[in-house]
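Only one structure is covered here, and it is reproduced in the block below.
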Amino acid sequence: MDITTIPWQMILLCGISLCVGWGIRGNFGHEYGAALPGALAAMAIVLLSGREDWWRHVHYFALFGAIGWSFGGSMSYMMVVGYTHSSHSPTVLYGFANLFVIGFLWAALGGAGTALPAFLTGFNENQPTSSLSVFFVPICAVFIGWSLQAVLVDRIFATKRMQRHENPLYWYDSDWLAALVAIVAALIVILFRGRIDMGTSLILYMGIGWFAAFLLLVSVFKLRMTPPRGDNWAGCVGMVVGVLGYCWHYKLSGVAFATLMTGFAGGFAFSFGQLLKLLCIRTGLQTNWHSVMEQLQGLLFGLGIAVTFGFILNRTPPLETDPNFPHWMEVFAVFCVIIALTYLNYRKAVQTWVDTIDSLPERMFGIPVVGWFRHSRGWIGWFELFYIALSIAFVAILAVNLRDPIPLISTSWLGKGQLLYLVFLWWMVVFNFERALVNFSPGRLVTEGMITLNAIICTVLVTIGAQIVPEQAGSVFSFSEWLWKVSVWGLVVMAGTTFVFWGIKHVLYGKQHAPGASLHIRFGKDSNAPKEKPKTGEPHP
């Protein structure tokens, strides 16, 4: 497929979807926030792909896209953004280089997760179900493990976020415990299944890769990107290498291509978005330029993954249009996206209300407003009670629909996918607006205003776009020869753009520090980068 034949509707919807999601992600942060645009972009690609077989799997694409894009949310990057504002020239170059690295890692894992369902078309020898189905039990095991980890750590080692360095589990402010729990969860599933399969194997590749890269890069070579901030970037390096090793093992060259192609496009998107922010600041106009940067990065991320999927659109094998998935897997995928993912993010919004609104107490009738299912917060609050009720109703509706289709829910998979996309999109937009409403100001128009406008455009595109996109068909194709080309050209783009963006910053600001960020100097005698672990009693930088 030539780039000119890629459906422009798919590219536009995916770009704006990730733009909306990325702007909202910035308000919630971390892994859960990053999963929001991942799910939305995956659905946008599928719904306007022209692939009827992909429509049948839209909720699985959404789930795996959310998981893939979530991993990058563990990386600290604000100090790297600050480096590009610096008056110190080597620091600026270092900043743009590392923005590319972070963007590559984030998007590479996102591209891998989104692409995985498109290539898992084989069947197990012992059961007539798609190989995609072997992932769900390991995923459930990991999710349960992470939930228990959060509860137990809060119960035993409860520390405030700004004093997290006082926690005995603190290790370079990293997610090492989550990586270990994932490995243990996979091993437990292997023990019960009596074998290593594609599902557990991927978790082991990524988990072991996380530790191998972190130990090598941080512990051995002492490569710290933004001390004393977390070094999860090193773990993400290991996960990307683990994904590529997994693809080599199972001959998934298409997933490897999507990983690398989306990764290099993401590296450009992340660094170029920051350059555009510096250009905007130079105009002297005053607004929330950081949010503009985030939304631009999201738009460019979306365009990158859309073009990547445009190349593989007709080069992936046809998926089963009537797969024999157990009903619980169908419900699980939709539940994770609509209920679990939204709750994990929106509980932060409710906490914002409690912290901001004087008339809203922390407890009402002895029950906390929001409890996070944590001992330190009161376990179950009013928000959890309403979400539990919503969850029960949601599962009941899905279960009934599987047995006897409900008229409200379309019988076509395109219609179901459009409904899933629109419910998820506007649930994100509305709750994000409600979070910001308690502190709303004219400056929020560039954030919530643009997000709402873009969501309206997405609504139009997703509802009528599928009728315009021509029908597409799958085929078998080997991406092996493309991998080296993508890798070489990607490294060229990385080196070239890093130096070009570094030069443009100096043209704009000379040797002056660019406004919009604190002064950070990473190297030399004037370096203000902390070299020691934060001290007890002091807040974590």
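For the structure tokens, the naming scheme is as follows: chains receive sequential letters (A, B, ...) according to their order of presentation, residues are indexed from 1 within each chain, and ligands are indexed from 1 in presentation order.
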
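For segment 407-416 of chain A, the list of residues within 9 Å, based on only C-alpha atoms and with local chain neighbours fewer than 3 positions off taken out, reads Leu47, Glu52, Trp55, Arg56, His57, Val58, Asn401, Leu419, Leu420, Tyr421, Thr463 and Ala466 of chain A.
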
Polymer residues at most 10 Å from segment 68-78 of chain A, only C-alpha atoms, same-chain spacing of 5 or more positions, as a ChimeraX atom specification | /A:25,29-39,41,62-63,83,95,98-99,102-116,173-175,225-226,229-236,239,517

Output the selection as a PDB file, in the first residue's frame - C-alpha atoms for each residue.
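Result went into result.pdb, see below:
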```
ATOM      1  CA  ARG A  25      -4.003  12.295  29.983  1.00  0.00           C
ATOM      2  CA  GLY A  29      -1.084  11.439  34.559  1.00  0.00           C
ATOM      3  CA  HIS A  30       0.919   8.247  34.909  1.00  0.00           C
ATOM      4  CA  GLU A  31       0.034   4.827  33.485  1.00  0.00           C
ATOM      5  CA  TYR A  32      -3.729   5.016  33.966  1.00  0.00           C
ATOM      6  CA  GLY A  33      -3.903   8.396  32.262  1.00  0.00           C
ATOM      7  CA  ALA A  34      -1.778   7.220  29.323  1.00  0.00           C
ATOM      8  CA  ALA A  35      -4.085   4.244  28.777  1.00  0.00           C
ATOM      9  CA  LEU A  36      -6.989   6.586  27.889  1.00  0.00           C
ATOM     10  CA  PRO A  37      -5.616   7.852  24.543  1.00  0.00           C
ATOM     11  CA  GLY A  38      -4.281   4.360  23.795  1.00  0.00           C
ATOM     12  CA  ALA A  39      -7.746   2.820  23.892  1.00  0.00           C
ATOM     13  CA  ALA A  41      -6.743   5.697  19.192  1.00  0.00           C
ATOM     14  CA  ALA A  62      -9.026  -1.045  22.619  1.00  0.00           C
ATOM     15  CA  LEU A  63      -7.875  -3.170  25.572  1.00  0.00           C
ATOM     16  CA  TYR A  83      16.331  20.897  29.745  1.00  0.00           C
ATOM     17  CA  GLY A  95      17.031  17.443  26.407  1.00  0.00           C
ATOM     18  CA  ASN A  98      16.081  12.334  25.532  1.00  0.00           C
ATOM     19  CA  LEU A  99      12.662  13.640  24.484  1.00  0.00           C
ATOM     20  CA  ILE A 102      11.101   8.896  25.735  1.00  0.00           C
ATOM     21  CA  GLY A 103       8.734   9.424  22.814  1.00  0.00           C
ATOM     22  CA  PHE A 104      10.174   6.387  21.043  1.00  0.00           C
ATOM     23  CA  LEU A 105       9.784   4.123  24.069  1.00  0.00           C
ATOM     24  CA  TRP A 106       6.267   5.354  24.821  1.00  0.00           C
ATOM     25  CA  ALA A 107       4.990   4.995  21.272  1.00  0.00           C
ATOM     26  CA  ALA A 108       6.858   1.753  20.560  1.00  0.00           C
ATOM     27  CA  LEU A 109       5.096  -0.046  23.403  1.00  0.00           C
ATOM     28  CA  GLY A 110       1.824   1.597  22.384  1.00  0.00           C
ATOM     29  CA  GLY A 111       2.258   0.479  18.784  1.00  0.00           C
ATOM     30  CA  ALA A 112       3.121  -3.057  19.856  1.00  0.00           C
ATOM     31  CA  GLY A 113       0.053  -3.347  22.063  1.00  0.00           C
ATOM     32  CA  THR A 114      -2.277  -1.932  19.431  1.00  0.00           C
ATOM     33  CA  ALA A 115      -0.879  -4.172  16.682  1.00  0.00           C
ATOM     34  CA  LEU A 116      -0.895  -7.417  18.637  1.00  0.00           C
ATOM     35  CA  ASP A 173      11.849   5.953  42.212  1.00  0.00           C
ATOM     36  CA  SER A 174      11.071   3.097  39.822  1.00  0.00           C
ATOM     37  CA  ASP A 175       8.282   0.549  39.301  1.00  0.00           C
ATOM     38  CA  MET A 225      18.327  10.623  32.795  1.00  0.00           C
ATOM     39  CA  THR A 226      16.893  13.116  35.294  1.00  0.00           C
ATOM     40  CA  ARG A 229      13.473  11.613  39.258  1.00  0.00           C
ATOM     41  CA  GLY A 230      12.550   8.028  38.436  1.00  0.00           C
ATOM     42  CA  ASP A 231      14.476   5.947  35.927  1.00  0.00           C
ATOM     43  CA  ASN A 232      11.610   3.882  34.579  1.00  0.00           C
ATOM     44  CA  TRP A 233      12.824   4.874  31.115  1.00  0.00           C
ATOM     45  CA  ALA A 234      15.515   2.200  31.530  1.00  0.00           C
ATOM     46  CA  GLY A 235      12.880  -0.406  32.338  1.00  0.00           C
ATOM     47  CA  CYS A 236      10.928   0.683  29.257  1.00  0.00           C
ATOM     48  CA  MET A 239      10.383  -3.912  27.697  1.00  0.00           C
ATOM     49  CA  ALA A 517      10.208  26.237  32.779  1.00  0.00           C
TER      50      ALA A 517
END
```

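Look at Val430 of chain A: the protein and nucleic acid residues within 10 Å of it, using only C-alpha atoms and passing over chain neighbours fewer than 5 places away, are Leu425, Arg435, Glu448 and Thr452 of chain A.
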
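Nearest to Arg522 of chain A of all the residues A:Phe386, A:Tyr94, A:Trp353, A:Trp22 is A:Tyr94, based on only C-alpha atoms.
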
Mind checking which residues fall within 8 Å of Phe431 of chain A, counting only C-alpha atoms, ignoring those fewer than 3 positions away in the same chain, and posting them as a PyMOL selection string?
-> chain A and resi 346+349+427-428+434-435

Might you pull out every residue within 12 Å of Thr91 of chain A, with only C-alpha atoms counted and same-chain residues fewer than 5 positions away left off, and present them as a list in words?
-> Met79, Val80, Val81, Gly82, Tyr83, Thr84, His85, Ser86, Phe96, Ala97, Asn98, Met225, Thr226, Trp502, Lys505, His506, Lys511, His513, Leu519, His520, Ile521, Arg522, Phe523, Gly524, Asp526, Ser527, Asn528 and Ala529 of chain A

Just the alpha helix (DSSP H) stuff from segment 236-437 of chain A, please, per backbone DSSP, written as a VMD selection string.
-> chain A and resid 236 to 249 253 to 282 289 to 312 327 to 335 341 to 356 382 to 403 413 to 437

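Within 8 Å of segment 479-491 of chain A, once only C-alpha atoms are used and residues closer than 3 positions along the same chain are dropped, the contacting residues are Ser253, Gly254, Ala256, Phe257, Leu260, Met261, Phe264, Met494 and Ala495 of chain A.
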
Keeping only C-alpha atoms, write the selected residues to a file as a PDB file, in the first residue's frame.
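result.pdb written:
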```
ATOM      1  CA  SER A 253       7.590  -9.483  12.134  1.00  0.00           C
ATOM      2  CA  GLY A 254       4.497  -7.326  11.631  1.00  0.00           C
ATOM      3  CA  ALA A 256       7.992  -5.755  15.377  1.00  0.00           C
ATOM      4  CA  PHE A 257       7.514  -3.404  12.407  1.00  0.00           C
ATOM      5  CA  LEU A 260       9.690   0.289  15.542  1.00  0.00           C
ATOM      6  CA  MET A 261       7.727   2.404  13.059  1.00  0.00           C
ATOM      7  CA  PHE A 264      10.402   6.392  15.730  1.00  0.00           C
ATOM      8  CA  MET A 494      16.605  10.812  15.604  1.00  0.00           C
ATOM      9  CA  ALA A 495      20.100  12.222  15.128  1.00  0.00           C
TER      10      ALA A 495
END
```

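Note that atom CA of Ala150 of chain A and atom CA of Ile388 of chain A are 18.9 Å apart.
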
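Across the model, the gap from atom CA of Ala178 of chain A to atom CA of Leu215 of chain A is 15.4 Å.
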
Using only C-alpha atoms, which of the listed residues (A:Ser49, A:Ser291, A:Ser359, A:Thr316) sits closest to Leu445 of chain A?
-> A:Ser291

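The residue set within 9 Å of Glu532 of chain A, counting only C-alpha atoms and dropping same-chain residues fewer than 3 places from it, reads Pro227, Pro228 and Lys535 of chain A.
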
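For the atom pair formed by atom CA of Gly298 of chain A and atom CA of Phe214 of chain A, the distance is 27.2 Å, given to one decimal.
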
Select, from A:Ile456, A:Ala473, A:Ile11, A:Ile196, the residue with the minimum atom-to-atom distance to Phe135 of chain A, counting only C-alpha atoms.
-> A:Ile196
